[in-house]
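File shown: query.cif (mmCIF, C-alpha atoms).
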data_target
#
loop_
_atom_site.label_atom_id
_atom_site.label_comp_id
_atom_site.auth_asym_id
_atom_site.auth_seq_id
_atom_site.Cartn_x
_atom_site.Cartn_y
_atom_site.Cartn_z
CA VAL A 1 -27.51 -11.49 25.18
CA SER A 2 -26.95 -10.28 28.73
CA VAL A 3 -27.12 -6.48 28.97
CA SER A 4 -25.77 -4.63 32.01
CA GLU A 5 -25.11 -1.16 30.62
CA VAL A 6 -27.95 1.38 30.39
CA GLN A 7 -27.96 4.44 28.17
CA PHE A 8 -30.57 7.19 28.40
CA GLY A 9 -31.85 9.19 25.48
CA ARG A 10 -34.29 12.05 25.01
CA LEU A 11 -37.52 11.37 23.15
CA ASP A 12 -38.03 13.10 19.79
CA SER A 13 -34.27 13.60 19.30
CA ASN A 14 -31.35 11.74 17.68
CA VAL A 15 -29.63 9.16 19.89
CA THR A 16 -26.19 7.71 19.16
CA LEU A 17 -25.20 4.23 20.40
CA PRO A 18 -21.44 3.45 20.12
CA CYS A 19 -20.33 -0.02 18.99
CA GLY A 20 -17.62 -0.30 21.60
CA LYS A 21 -14.48 -2.08 20.26
CA SER A 22 -15.35 -1.92 16.57
CA LEU A 23 -12.66 -0.62 14.19
CA THR A 24 -13.25 2.22 11.75
CA ARG A 25 -14.73 1.05 8.43
CA THR A 26 -15.21 -2.45 9.80
CA PRO A 27 -18.67 -3.76 8.86
CA VAL A 28 -20.93 -4.27 11.88
CA THR A 29 -24.48 -5.42 12.37
CA TRP A 30 -26.91 -4.03 14.94
CA HIS A 31 -29.80 -5.92 16.55
CA LEU A 32 -32.71 -4.68 18.67
CA ASN A 33 -34.07 -7.28 21.09
CA ASN A 34 -32.27 -10.01 19.08
CA SER A 35 -33.90 -8.84 15.85
CA SER A 36 -32.26 -7.16 12.86
CA ALA A 37 -35.34 -4.94 12.39
CA LEU A 38 -34.33 -1.47 13.56
CA PRO A 39 -36.10 1.92 13.80
CA TRP A 40 -35.20 4.74 11.43
CA HIS A 41 -31.40 4.97 11.70
CA GLN A 42 -27.94 5.48 10.24
CA VAL A 43 -24.67 3.62 10.88
CA THR A 44 -21.51 5.76 10.97
CA SER A 45 -18.06 4.78 9.68
CA ASP A 46 -16.93 3.78 13.18
CA GLY A 47 -19.93 1.45 13.58
CA SER A 48 -22.03 3.70 15.84
CA LEU A 49 -25.79 3.47 15.45
CA VAL A 50 -27.63 6.82 15.15
CA LEU A 51 -31.36 6.54 15.85
CA LEU A 52 -33.29 9.42 14.27
CA GLN A 53 -36.11 11.26 16.09
CA VAL A 54 -36.70 8.38 18.47
CA ASP A 55 -40.11 7.53 19.93
CA PRO A 56 -40.97 5.08 22.76
CA SER A 57 -40.91 2.09 20.37
CA ALA A 58 -37.13 2.55 19.96
CA GLN A 59 -36.47 1.47 23.56
CA GLY A 60 -34.93 -1.94 24.16
CA ASP A 61 -31.72 -3.98 24.22
CA TYR A 62 -29.28 -3.15 21.41
CA SER A 63 -26.31 -5.31 20.45
CA CYS A 64 -23.48 -4.70 17.96
CA TRP A 65 -21.82 -7.66 16.09
CA ASP A 66 -18.84 -7.88 13.75
CA SER A 67 -18.76 -9.74 10.44
CA ARG A 68 -17.61 -12.96 12.20
CA GLY A 69 -20.63 -12.92 14.53
CA ARG A 70 -18.73 -11.80 17.61
CA LEU A 71 -20.54 -9.54 20.10
CA LEU A 72 -18.80 -6.20 20.30
CA HIS A 73 -21.15 -4.21 22.54
CA ALA A 74 -24.57 -4.45 24.19
CA VAL A 75 -26.59 -1.67 25.82
CA GLN A 76 -30.13 -1.08 27.06
CA LEU A 77 -31.73 2.11 25.76
CA ARG A 78 -34.20 4.01 27.99
CA LEU A 79 -36.01 7.01 26.54
CA GLY A 80 -37.70 9.93 28.28
CA HIS A 81 -37.34 13.57 29.26
CA PRO A 82 -35.16 15.45 31.73
CA PRO A 83 -36.90 16.64 34.94
CA GLY A 84 -38.96 19.80 35.01
CA LEU A 85 -40.13 21.99 37.86
CA LEU A 86 -42.16 20.39 40.66
CA ASN A 87 -45.36 21.72 42.18
CA ILE A 88 -44.63 21.55 45.92
CA SER A 89 -47.19 21.95 48.70
CA CYS A 90 -46.94 21.44 52.46
CA GLN A 91 -49.51 20.39 55.04
CA VAL A 92 -49.06 21.18 58.74
CA PRO A 93 -51.51 19.11 60.83
CA SER A 94 -49.69 20.01 64.05
CA TYR A 95 -46.66 21.83 65.42
CA MET A 96 -44.89 18.49 65.60
CA HIS A 97 -45.14 17.41 61.96
CA VAL A 98 -44.90 18.90 58.48
CA ARG A 99 -45.50 16.87 55.32
CA CYS A 100 -44.48 18.31 51.95
CA SER A 101 -45.47 16.60 48.71
CA TRP A 102 -44.84 17.35 45.07
CA VAL A 103 -46.29 16.68 41.63
CA ASP A 104 -44.32 16.50 38.39
CA THR A 105 -45.06 19.11 35.76
CA VAL A 106 -43.13 17.03 33.18
CA LYS A 107 -43.79 13.34 32.59
CA THR A 108 -40.22 12.03 32.28
CA PHE A 109 -40.97 8.30 31.72
CA LEU A 110 -37.72 7.59 33.58
CA PRO A 111 -36.94 6.54 37.18
CA SER A 112 -36.13 9.53 39.37
CA GLU A 113 -34.42 10.18 42.66
CA TYR A 114 -35.34 13.03 44.99
CA THR A 115 -33.22 14.93 47.50
CA THR A 116 -34.46 17.67 49.81
CA SER A 117 -32.94 20.59 51.66
CA LEU A 118 -34.68 22.66 54.33
CA ARG A 119 -32.95 25.97 54.94
CA GLY A 120 -33.23 28.11 58.03
CA LYS A 121 -32.01 28.35 61.57
CA ASP A 122 -32.24 25.03 63.46
CA SER A 123 -33.80 23.37 60.39
CA LYS A 124 -34.60 19.67 60.53
CA PRO A 125 -34.11 17.21 57.64
CA CYS A 126 -37.07 16.36 55.44
CA ILE A 127 -37.20 12.55 55.25
CA VAL A 128 -37.99 11.50 51.67
CA ASP A 129 -40.43 8.84 50.51
CA ALA A 130 -39.61 8.71 46.78
CA VAL A 131 -42.42 6.28 45.93
CA ARG A 132 -45.16 8.48 47.40
CA LYS A 133 -43.31 11.65 46.41
CA HIS A 134 -43.36 13.39 49.77
CA CYS A 135 -41.07 14.13 52.71
CA ASP A 136 -41.71 14.54 56.44
CA ILE A 137 -40.25 17.06 58.87
CA LEU A 138 -40.53 16.03 62.52
CA HIS A 139 -40.41 18.66 65.28
CA PRO A 140 -39.84 21.63 62.95
CA ALA A 141 -38.65 25.01 64.18
CA ILE A 142 -42.07 26.32 65.22
CA TRP A 143 -41.30 29.98 65.71
CA GLN A 144 -39.09 30.41 62.65
CA ARG A 145 -40.85 33.00 60.51
CA LEU A 146 -39.98 31.61 57.06
CA HIS A 147 -39.04 28.11 55.93
CA VAL A 148 -37.41 27.34 52.56
CA LEU A 149 -37.71 23.82 51.13
CA SER A 150 -35.78 22.75 48.02
CA VAL A 151 -36.52 19.48 46.23
CA THR A 152 -34.15 18.22 43.52
CA GLU A 153 -35.31 15.60 41.01
CA THR A 154 -32.59 13.65 39.20
CA ASN A 155 -32.84 11.10 36.39
CA GLY A 156 -30.57 9.77 33.65
CA LEU A 157 -30.98 12.94 31.58
CA GLY A 158 -30.34 15.61 34.19
CA SER A 159 -31.64 17.24 37.36
CA LYS A 160 -33.90 20.13 38.35
CA THR A 161 -34.37 21.91 41.68
CA SER A 162 -37.67 23.42 42.77
CA THR A 163 -38.09 25.69 45.81
CA LEU A 164 -41.02 26.51 48.09
CA TYR A 165 -41.12 29.36 50.61
CA PHE A 166 -43.72 28.89 53.33
CA LYS A 167 -44.74 30.12 56.78
CA LEU A 168 -45.49 27.25 59.10
CA ARG A 169 -47.86 29.34 61.24
CA GLU A 170 -50.04 30.19 58.22
CA LEU A 171 -50.13 26.60 56.96
CA LEU A 172 -51.05 25.14 60.36
CA LYS A 173 -54.34 23.29 59.80
CA PRO A 174 -55.34 20.68 62.38
CA ASP A 175 -57.19 17.54 61.44
CA PRO A 176 -60.95 17.51 62.21
CA PRO A 177 -62.20 16.42 65.65
CA GLU A 178 -62.40 12.65 65.92
CA SER A 179 -65.17 10.38 67.24
CA VAL A 180 -67.77 13.15 67.28
CA SER A 181 -70.78 11.82 69.18
CA VAL A 182 -74.27 13.27 69.68
CA GLY A 183 -76.54 11.89 72.40
CA GLN A 184 -79.92 12.50 74.00
CA ILE A 185 -80.41 13.89 77.50
CA VAL A 186 -83.17 12.02 79.28
CA GLY A 187 -85.95 14.35 80.41
CA PHE A 188 -85.19 17.16 77.97
CA SER A 189 -86.86 17.21 74.55
CA ASP A 190 -84.93 20.25 73.34
CA ARG A 191 -81.37 19.29 74.28
CA LEU A 192 -78.54 17.27 72.79
CA MET A 193 -75.13 16.43 74.23
CA VAL A 194 -72.12 16.67 71.90
CA SER A 195 -68.70 15.16 72.65
CA TRP A 196 -65.54 14.50 70.62
CA ASN A 197 -61.86 13.62 70.79
CA ILE A 198 -59.05 15.94 69.77
CA PRO A 199 -57.28 14.83 66.55
CA SER A 200 -54.79 12.03 67.15
CA SER A 201 -52.22 14.00 65.10
CA TRP A 202 -52.39 16.90 67.57
CA PRO A 203 -49.99 16.86 70.57
CA GLN A 204 -51.61 15.77 73.83
CA SER A 205 -50.37 18.76 75.79
CA ASP A 206 -51.93 21.71 77.60
CA ALA A 207 -49.40 23.91 75.83
CA PHE A 208 -51.22 23.36 72.51
CA GLN A 209 -54.92 24.04 73.00
CA LEU A 210 -57.57 23.77 70.30
CA VAL A 211 -60.81 25.71 69.99
CA PHE A 212 -63.76 23.85 68.47
CA HIS A 213 -66.48 25.21 66.19
CA ILE A 214 -69.71 23.22 66.49
CA ARG A 215 -72.67 23.72 64.19
CA TYR A 216 -76.08 22.04 64.09
CA ARG A 217 -79.46 22.25 62.35
CA PRO A 218 -82.69 20.28 62.01
CA LEU A 219 -82.55 17.82 59.14
CA GLY A 220 -83.83 19.57 56.01
CA SER A 221 -83.11 23.13 57.18
CA ARG A 222 -80.76 25.36 55.19
CA PHE A 223 -79.63 27.36 58.22
CA TRP A 224 -77.05 26.46 60.84
CA SER A 225 -76.78 27.44 64.48
CA GLU A 226 -73.23 27.49 65.79
CA PHE A 227 -71.01 28.13 68.78
CA TYR A 228 -67.34 27.95 69.77
CA SER A 229 -66.04 26.01 72.74
CA MET A 230 -62.91 24.70 74.39
CA ASP A 231 -65.01 22.57 76.75
CA ASN A 232 -65.92 18.99 76.00
CA PRO A 233 -68.66 17.74 76.12
CA VAL A 234 -71.21 20.51 75.61
CA VAL A 235 -75.01 20.70 75.64
CA ILE A 236 -77.17 22.18 72.87
CA SER A 237 -80.16 23.73 74.63
CA ASP A 238 -82.32 24.90 71.70
CA ALA A 239 -82.77 21.74 69.64
CA LEU A 240 -86.11 21.31 67.89
CA ALA A 241 -88.18 18.70 69.70
CA GLY A 242 -89.13 15.67 67.66
CA HIS A 243 -86.72 16.37 64.80
CA LEU A 244 -83.48 14.78 63.69
CA HIS A 245 -80.50 17.15 63.85
CA GLN A 246 -77.27 17.26 61.88
CA VAL A 247 -74.20 18.04 63.98
CA GLN A 248 -70.54 18.43 63.01
CA GLY A 249 -67.42 20.20 64.22
CA ARG A 250 -64.03 21.52 63.21
CA SER A 251 -60.93 22.65 65.09
CA ARG A 252 -58.30 25.38 65.08
CA ASP A 253 -55.26 26.34 67.13
CA GLU A 254 -56.46 28.47 70.02
CA VAL A 255 -53.45 30.82 70.13
CA ASN A 256 -52.34 31.20 66.51
CA ASN A 257 -54.76 33.53 64.71
CA GLU A 258 -52.91 32.98 61.42
CA SER A 259 -53.72 29.26 61.41
CA GLN A 260 -56.50 27.65 59.39
CA TRP A 261 -59.67 25.85 60.44
CA SER A 262 -59.69 22.12 59.91
CA ASP A 263 -62.11 20.45 57.56
CA TRP A 264 -65.53 19.64 59.01
CA SER A 265 -65.99 16.30 60.72
CA PRO A 266 -68.51 13.85 59.20
CA LEU A 267 -72.16 14.71 59.86
CA GLN A 268 -73.77 13.05 62.88
CA LEU A 269 -77.54 12.54 63.19
CA GLU A 270 -79.49 12.51 66.46
CA GLN A 271 -82.98 13.38 67.71
CA PRO A 272 -83.71 14.88 71.14
CA TRP A 273 -85.21 12.67 73.82
CA GLU A 274 -88.89 11.79 73.53
CA GLY A 275 -90.49 10.35 76.63
CA GLN A 276 -93.50 10.50 78.93
CA THR A 277 -94.75 13.96 79.79
CA GLY A 278 -93.84 15.01 83.28
CA TYR A 279 -91.05 12.50 83.71
CA VAL A 280 -87.75 14.14 84.53
CA SER A 281 -84.62 12.25 85.40
CA ALA A 282 -82.22 13.47 88.05
CA GLU A 283 -79.35 12.96 85.61
CA PRO A 284 -79.99 16.11 83.52
CA GLU A 285 -79.62 18.30 86.61
CA ILE A 286 -76.11 16.96 87.10
CA LEU A 287 -75.30 17.44 83.42
CA GLU A 288 -76.63 20.98 83.49
CA GLN A 289 -74.35 21.88 86.37
CA ASP A 290 -71.21 20.20 85.07
CA MET A 291 -71.34 20.99 81.36
CA PRO A 292 -71.66 24.26 79.43
CA THR A 293 -74.96 24.85 77.69
CA PHE A 294 -75.06 26.75 74.42
CA GLN A 295 -77.92 28.65 72.87
CA PRO A 296 -77.17 31.19 70.13
CA LYS A 297 -78.01 34.78 71.11
CA PRO A 298 -80.30 36.55 68.62
CA ASP A 299 -78.16 39.72 68.61
CA THR A 300 -74.79 37.99 68.11
CA SER A 301 -75.44 34.79 66.19
CA THR A 302 -74.27 34.87 62.58
CA ALA A 303 -76.18 31.81 61.48
CA ARG A 304 -79.59 31.48 63.14
CA THR A 305 -81.59 28.32 62.70
CA HIS A 306 -85.03 28.46 61.12
CA LEU A 307 -86.55 25.57 62.93
CA VAL A 308 -89.78 24.87 61.04
CA SER A 309 -90.43 25.65 57.40
CA VAL A 310 -94.11 26.33 58.13
CA GLU A 311 -93.14 28.91 60.73
CA GLU A 312 -90.83 30.56 58.18
CA GLU A 313 -93.62 30.84 55.64
CA GLY A 314 -96.10 32.13 58.25
CA ASN A 315 -93.74 34.83 59.44
CA LEU A 316 -92.95 35.85 55.87
CA GLY A 317 -96.68 36.08 55.04
CA LEU A 318 -97.36 38.22 58.10
CA VAL A 319 -94.55 40.60 57.15
CA ILE A 320 -95.89 40.89 53.59
CA VAL A 321 -99.43 41.66 54.87
CA LEU A 322 -98.11 44.32 57.26
CA VAL A 323 -96.06 45.94 54.50
CA LEU A 324 -99.04 46.01 52.12
CA LEU A 325 -101.27 47.48 54.85
CA LEU A 326 -98.68 50.17 55.55
CA VAL A 327 -98.47 51.01 51.84
CA VAL A 328 -102.29 51.36 51.64
CA VAL A 329 -102.41 53.62 54.71
CA LEU A 330 -99.62 55.82 53.37
CA ALA A 331 -101.32 56.07 49.98
CA THR A 332 -104.62 57.07 51.62
CA VAL A 333 -102.99 59.73 53.77
CA LEU A 334 -101.14 61.18 50.79
CA SER A 335 -104.37 61.24 48.75
CA LEU A 336 -106.22 63.12 51.51
CA ILE A 337 -103.39 65.63 51.80
CA LEU A 338 -103.46 66.24 48.03
CA VAL A 339 -107.26 66.68 47.98
CA VAL A 340 -107.16 69.20 50.85
CA TRP A 341 -104.29 71.05 49.18
CA PHE A 342 -106.12 71.32 45.83
CA ARG A 343 -109.35 72.55 47.51
CA GLN A 344 -107.49 75.16 49.52
CA ARG A 345 -105.69 76.37 46.40
CA ARG A 346 -108.98 76.63 44.50
CA ARG A 347 -110.54 78.68 47.33
CA ASP A 348 -107.56 81.01 47.41
CA HIS A 349 -107.84 81.48 43.66
CA VAL A 350 -111.55 82.37 43.88
CA SER A 351 -110.89 84.84 46.70
CA MET A 352 -108.21 86.56 44.66
CA GLN A 353 -110.62 86.95 41.74
CA GLU A 354 -113.30 88.49 43.99
CA VAL A 355 -110.87 90.98 45.42
CA ALA A 356 -109.71 91.93 41.97
CA SER A 357 -113.31 92.53 40.84
CA VAL A 358 -114.07 94.81 43.80
CA VAL A 359 -110.98 96.88 43.18
CA LYS A 360 -111.86 97.25 39.54
CA MET A 361 -115.40 98.40 40.32
CA LYS A 362 -114.16 101.06 42.73
CA SER A 363 -111.84 102.43 40.09
CA VAL A 364 -114.69 103.00 37.62
CA PRO A 365 -116.02 106.72 37.81
CA ILE A 366 -119.71 107.12 38.65
#

Step by step, read the file and then write its structure as structure tokens.
Amino acid sequence: VSVSEVQFGRLDSNVTLPCGKSLTRTPVTWHLNNSSALPWHQVTSDGSLVLLQVDPSAQGDYSCWDSRGRLLHAVQLRLGHPPGLLNISCQVPSYMHVRCSWVDTVKTFLPSEYTTSLRGKDSKPCIVDAVRKHCDILHPAIWQRLHVLSVTETNGLGSKTSTLYFKLRELLKPDPPESVSVGQIVGFSDRLMVSWNIPSSWPQSDAFQLVFHIRYRPLGSRFWSEFYSMDNPVVISDALAGHLHQVQGRSRDEVNNESQWSDWSPLQLEQPWEGQTGYVSAEPEILEQDMPTFQPKPDTSTARTHLVSVEEEGNLGLVIVLVLLLVVVLATVLSLILVVWFRQRRRDHVSMQEVASVVKMKSVPI
């Protein structure tokens, strides 16, 4: 039986399938997928089939036949739920592109269509990709304070609209720097050169500048050194000689303080140059003049690097010894002060007794 008509029904409810051209009180027979075995049901006087509290097994092709074996009606039954609210989120990798995606809060089990509406002055359309459940806004209104996106999901059982209010400037989060590279500088055992490319998703324009946050540490250390730069490449001038270093970076819009930092780029590993003592290439002098050199200042750095674990332990031990020595000295001084105080008090007490005795003797008549 060829079936072209589709009827939708809600799971866990009663679903009625009409028999089409059947006459009242005319006997009819219903089939499901060419079988007379049917789910829990009732047949009404007009030949309609009422399926009771349907579950997914009740889906299929239904056909209604009269007593002479003539087909009266055929329909495909699809079961599911009406749409619910969507969880919408938007990502803003640059001022030129916004991507908003959504996740269903209700599993409908039915095919859905999505339409979007972006409200606001000079708003652009949000181009929908229904398969991936997202939409893209190209060249959005950058300086508009508030954007309002509505997404409507529609299926055979109804529709539901969900709305998201967002500020593009607060959601702006560039992609991480690309092709981060760390190299040696010949002749310098404590320097590394770091270079990178701006994210390909970011506009190649001087009007949209990025600031980069670079951090680095010797492999195995728990502490990072860091600096901020708009120059590229840059030179790290306080690398630990003879040790591998981890280096990575992230980016942020230079002007918009409300924007977010990108994720960190993948870690890069490199070790400073190791060569013959006394050999210095002319190349580092050129690099030193042309590129900025960064070394965290002790009074301003928020994440100082502990370069050698042995040095950490030695410094900690020295501090502990000095503290203990200070405690001993203070305890000794306090003890001496207490001893002198008690002796002086005892002498004063004895003197008072002597004076009292003399006075008493003078008062006695001879």

Explicit residues for the PyMOL selection byres ((chain A and resi 132) around 12) (as a ChimeraX atom specification): /A:99-103,113-114,127-131,133-136

Please produce a file of the residues just selected, as a tab-separated table (two decimals), in the frame of the given file, where the atoms kept are C-alpha atoms.
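Okay, selection10.tsv is ready:
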chain	number	residue	atom	x	y	z
A	99	ARG	CA	-45.50	16.87	55.32
A	100	CYS	CA	-44.48	18.31	51.95
A	101	SER	CA	-45.47	16.60	48.71
A	102	TRP	CA	-44.84	17.35	45.07
A	103	VAL	CA	-46.29	16.68	41.63
A	113	GLU	CA	-34.42	10.18	42.66
A	114	TYR	CA	-35.34	13.03	44.99
A	127	ILE	CA	-37.20	12.55	55.25
A	128	VAL	CA	-37.99	11.50	51.67
A	129	ASP	CA	-40.43	8.84	50.51
A	130	ALA	CA	-39.61	8.71	46.78
A	131	VAL	CA	-42.42	6.28	45.93
A	133	LYS	CA	-43.31	11.65	46.41
A	134	HIS	CA	-43.36	13.39	49.77
A	135	CYS	CA	-41.07	14.13	52.71
A	136	ASP	CA	-41.71	14.54	56.44

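Distances here use only C-alpha atoms; by that measure, the residue among A:Ser150, A:Gln144, A:Ser57, A:Gly69 closest to A:Ser89 is A:Ser150.
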
Skipping near chain neighbours, those fewer than 3 positions away, what residues fall within 10 Å of A:Asn87 using only C-alpha atoms, listed as a PDB file with C-alpha atoms, in the coordinates of the input?
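Resulting contents of part-v1.pdb:
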ATOM      1  CA  GLY A  84     -38.960  19.800  35.010  1.00  0.00           C
ATOM      2  CA  SER A 101     -45.470  16.600  48.710  1.00  0.00           C
ATOM      3  CA  TRP A 102     -44.840  17.350  45.070  1.00  0.00           C
ATOM      4  CA  VAL A 103     -46.290  16.680  41.630  1.00  0.00           C
ATOM      5  CA  ASP A 104     -44.320  16.500  38.390  1.00  0.00           C
ATOM      6  CA  THR A 105     -45.060  19.110  35.760  1.00  0.00           C
ATOM      7  CA  VAL A 151     -36.520  19.480  46.230  1.00  0.00           C
ATOM      8  CA  SER A 162     -37.670  23.420  42.770  1.00  0.00           C
ATOM      9  CA  THR A 163     -38.090  25.690  45.810  1.00  0.00           C
ATOM     10  CA  LEU A 164     -41.020  26.510  48.090  1.00  0.00           C
TER      11      LEU A 164
END

Expansion of the PyMOL selection byres ((chain A and resi 32) around 9) into residues, as a list in words: Trp30, His31, Asn33, Asn34, Ser35, Ser36, Ala37, Leu38, Pro39, Ala58, Gln59, Gly60, Asp61, Tyr62 and Ser63 of chain A

Result set of the PyMOL selection byres ((chain A and resi 46) around 12) on the coordinates above, as a ChimeraX atom specification: /A:16-29,42-45,47-50,64,66

A:Val148 environment, 9 Å, all atoms listed in the file, sequence neighbours closer than 5 positions dropped, as a ChimeraX atom specification: /A:117-120,163-167

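Distances from A:Val235, A:Leu210, A:Leu79, A:Val333 to A:Val194 were compared using only C-alpha atoms, and the smallest one belongs to A:Val235.
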
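Atom CA of A:Ser262 lies 15.4 Å from atom CA of A:His97.
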
Protein and nucleic acid residues near (-35.9, 15.6, 31.8) (cut-off 12 Å, only C-alpha atoms) as a ChimeraX atom specification: /A:8-11,79-86,104-112,153-161

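With distances restricted to all atoms listed in the file, A:Val211 is the closest residue to A:Asn257 from A:Val211, A:Gln204, A:Leu149, A:Arg222.
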
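Our summary of the geometry notes that atom CA of A:Ile137 is positioned 25.4 Å from atom CA of A:Trp264.
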
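Using all atoms listed in the file, the shortest contact distance between A:Val255 and any of A:Ile236, A:Leu192, A:Val323, A:Leu172 is found at A:Leu172.
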
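Among A:His243, A:Leu146, A:Leu77, A:Asp55, the residue with the shortest atom-to-atom distance to A:Ser4, counting all atoms listed in the file, is A:Leu77.
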
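Residue nearest A:Leu138 within the list A:Pro174, A:Ser94, A:Val180, A:Phe212: A:Ser94 [criterion: smallest interatomic distance, all atoms listed in the file].
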
Sphere at (-79.5, 13.2, 61.8), radius 7 Å, counting all atoms listed in the file: residues as number ranges by chain: A: 219, 244-246, 268-271

Can you write stretch 324-337 of chain A from the block above with N, CA and C atoms, as an mmCIF file, in the first residue's frame?
data_model
loop_
_atom_site.group_PDB
_atom_site.id
_atom_site.type_symbol
_atom_site.label_atom_id
_atom_site.label_comp_id
_atom_site.auth_asym_id
_atom_site.auth_seq_id
_atom_site.Cartn_x
_atom_site.Cartn_y
_atom_site.Cartn_z
ATOM 1 N N LEU A 324 64.192 30.472 62.822
ATOM 2 C CA LEU A 324 64.471 29.768 64.074
ATOM 3 C C LEU A 324 65.512 30.508 64.906
ATOM 4 N N LEU A 325 66.577 31.007 64.233
ATOM 5 C CA LEU A 325 67.612 31.756 64.942
ATOM 6 C C LEU A 325 67.035 33.017 65.582
ATOM 7 N N LEU A 326 66.166 33.702 64.850
ATOM 8 C CA LEU A 326 65.540 34.901 65.388
ATOM 9 C C LEU A 326 64.681 34.576 66.605
ATOM 10 N N VAL A 327 63.945 33.453 66.529
ATOM 11 C CA VAL A 327 63.112 33.041 67.656
ATOM 12 C C VAL A 327 63.967 32.763 68.884
ATOM 13 N N VAL A 328 65.115 32.073 68.694
ATOM 14 C CA VAL A 328 66.014 31.763 69.822
ATOM 15 C C VAL A 328 66.555 33.046 70.444
ATOM 16 N N VAL A 329 66.993 33.987 69.602
ATOM 17 C CA VAL A 329 67.537 35.247 70.114
ATOM 18 C C VAL A 329 66.476 35.999 70.915
ATOM 19 N N LEU A 330 65.267 36.084 70.353
ATOM 20 C CA LEU A 330 64.194 36.785 71.063
ATOM 21 C C LEU A 330 63.874 36.117 72.397
ATOM 22 N N ALA A 331 63.853 34.781 72.401
ATOM 23 C CA ALA A 331 63.569 34.070 73.653
ATOM 24 C C ALA A 331 64.652 34.325 74.689
ATOM 25 N N THR A 332 65.909 34.354 74.263
ATOM 26 C CA THR A 332 67.024 34.623 75.189
ATOM 27 C C THR A 332 66.919 36.018 75.768
ATOM 28 N N VAL A 333 66.672 37.001 74.919
ATOM 29 C CA VAL A 333 66.559 38.382 75.386
ATOM 30 C C VAL A 333 65.414 38.523 76.394
ATOM 31 N N LEU A 334 64.270 37.923 76.068
ATOM 32 C CA LEU A 334 63.137 38.001 76.989
ATOM 33 C C LEU A 334 63.446 37.335 78.322
ATOM 34 N N SER A 335 64.177 36.206 78.262
ATOM 35 C CA SER A 335 64.547 35.515 79.518
ATOM 36 C C SER A 335 65.446 36.387 80.376
ATOM 37 N N LEU A 336 66.457 37.038 79.760
ATOM 38 C CA LEU A 336 67.349 37.916 80.504
ATOM 39 C C LEU A 336 66.581 39.074 81.140
ATOM 40 N N ILE A 337 65.656 39.658 80.359
ATOM 41 C CA ILE A 337 64.867 40.768 80.894
ATOM 42 C C ILE A 337 64.054 40.318 82.104
#
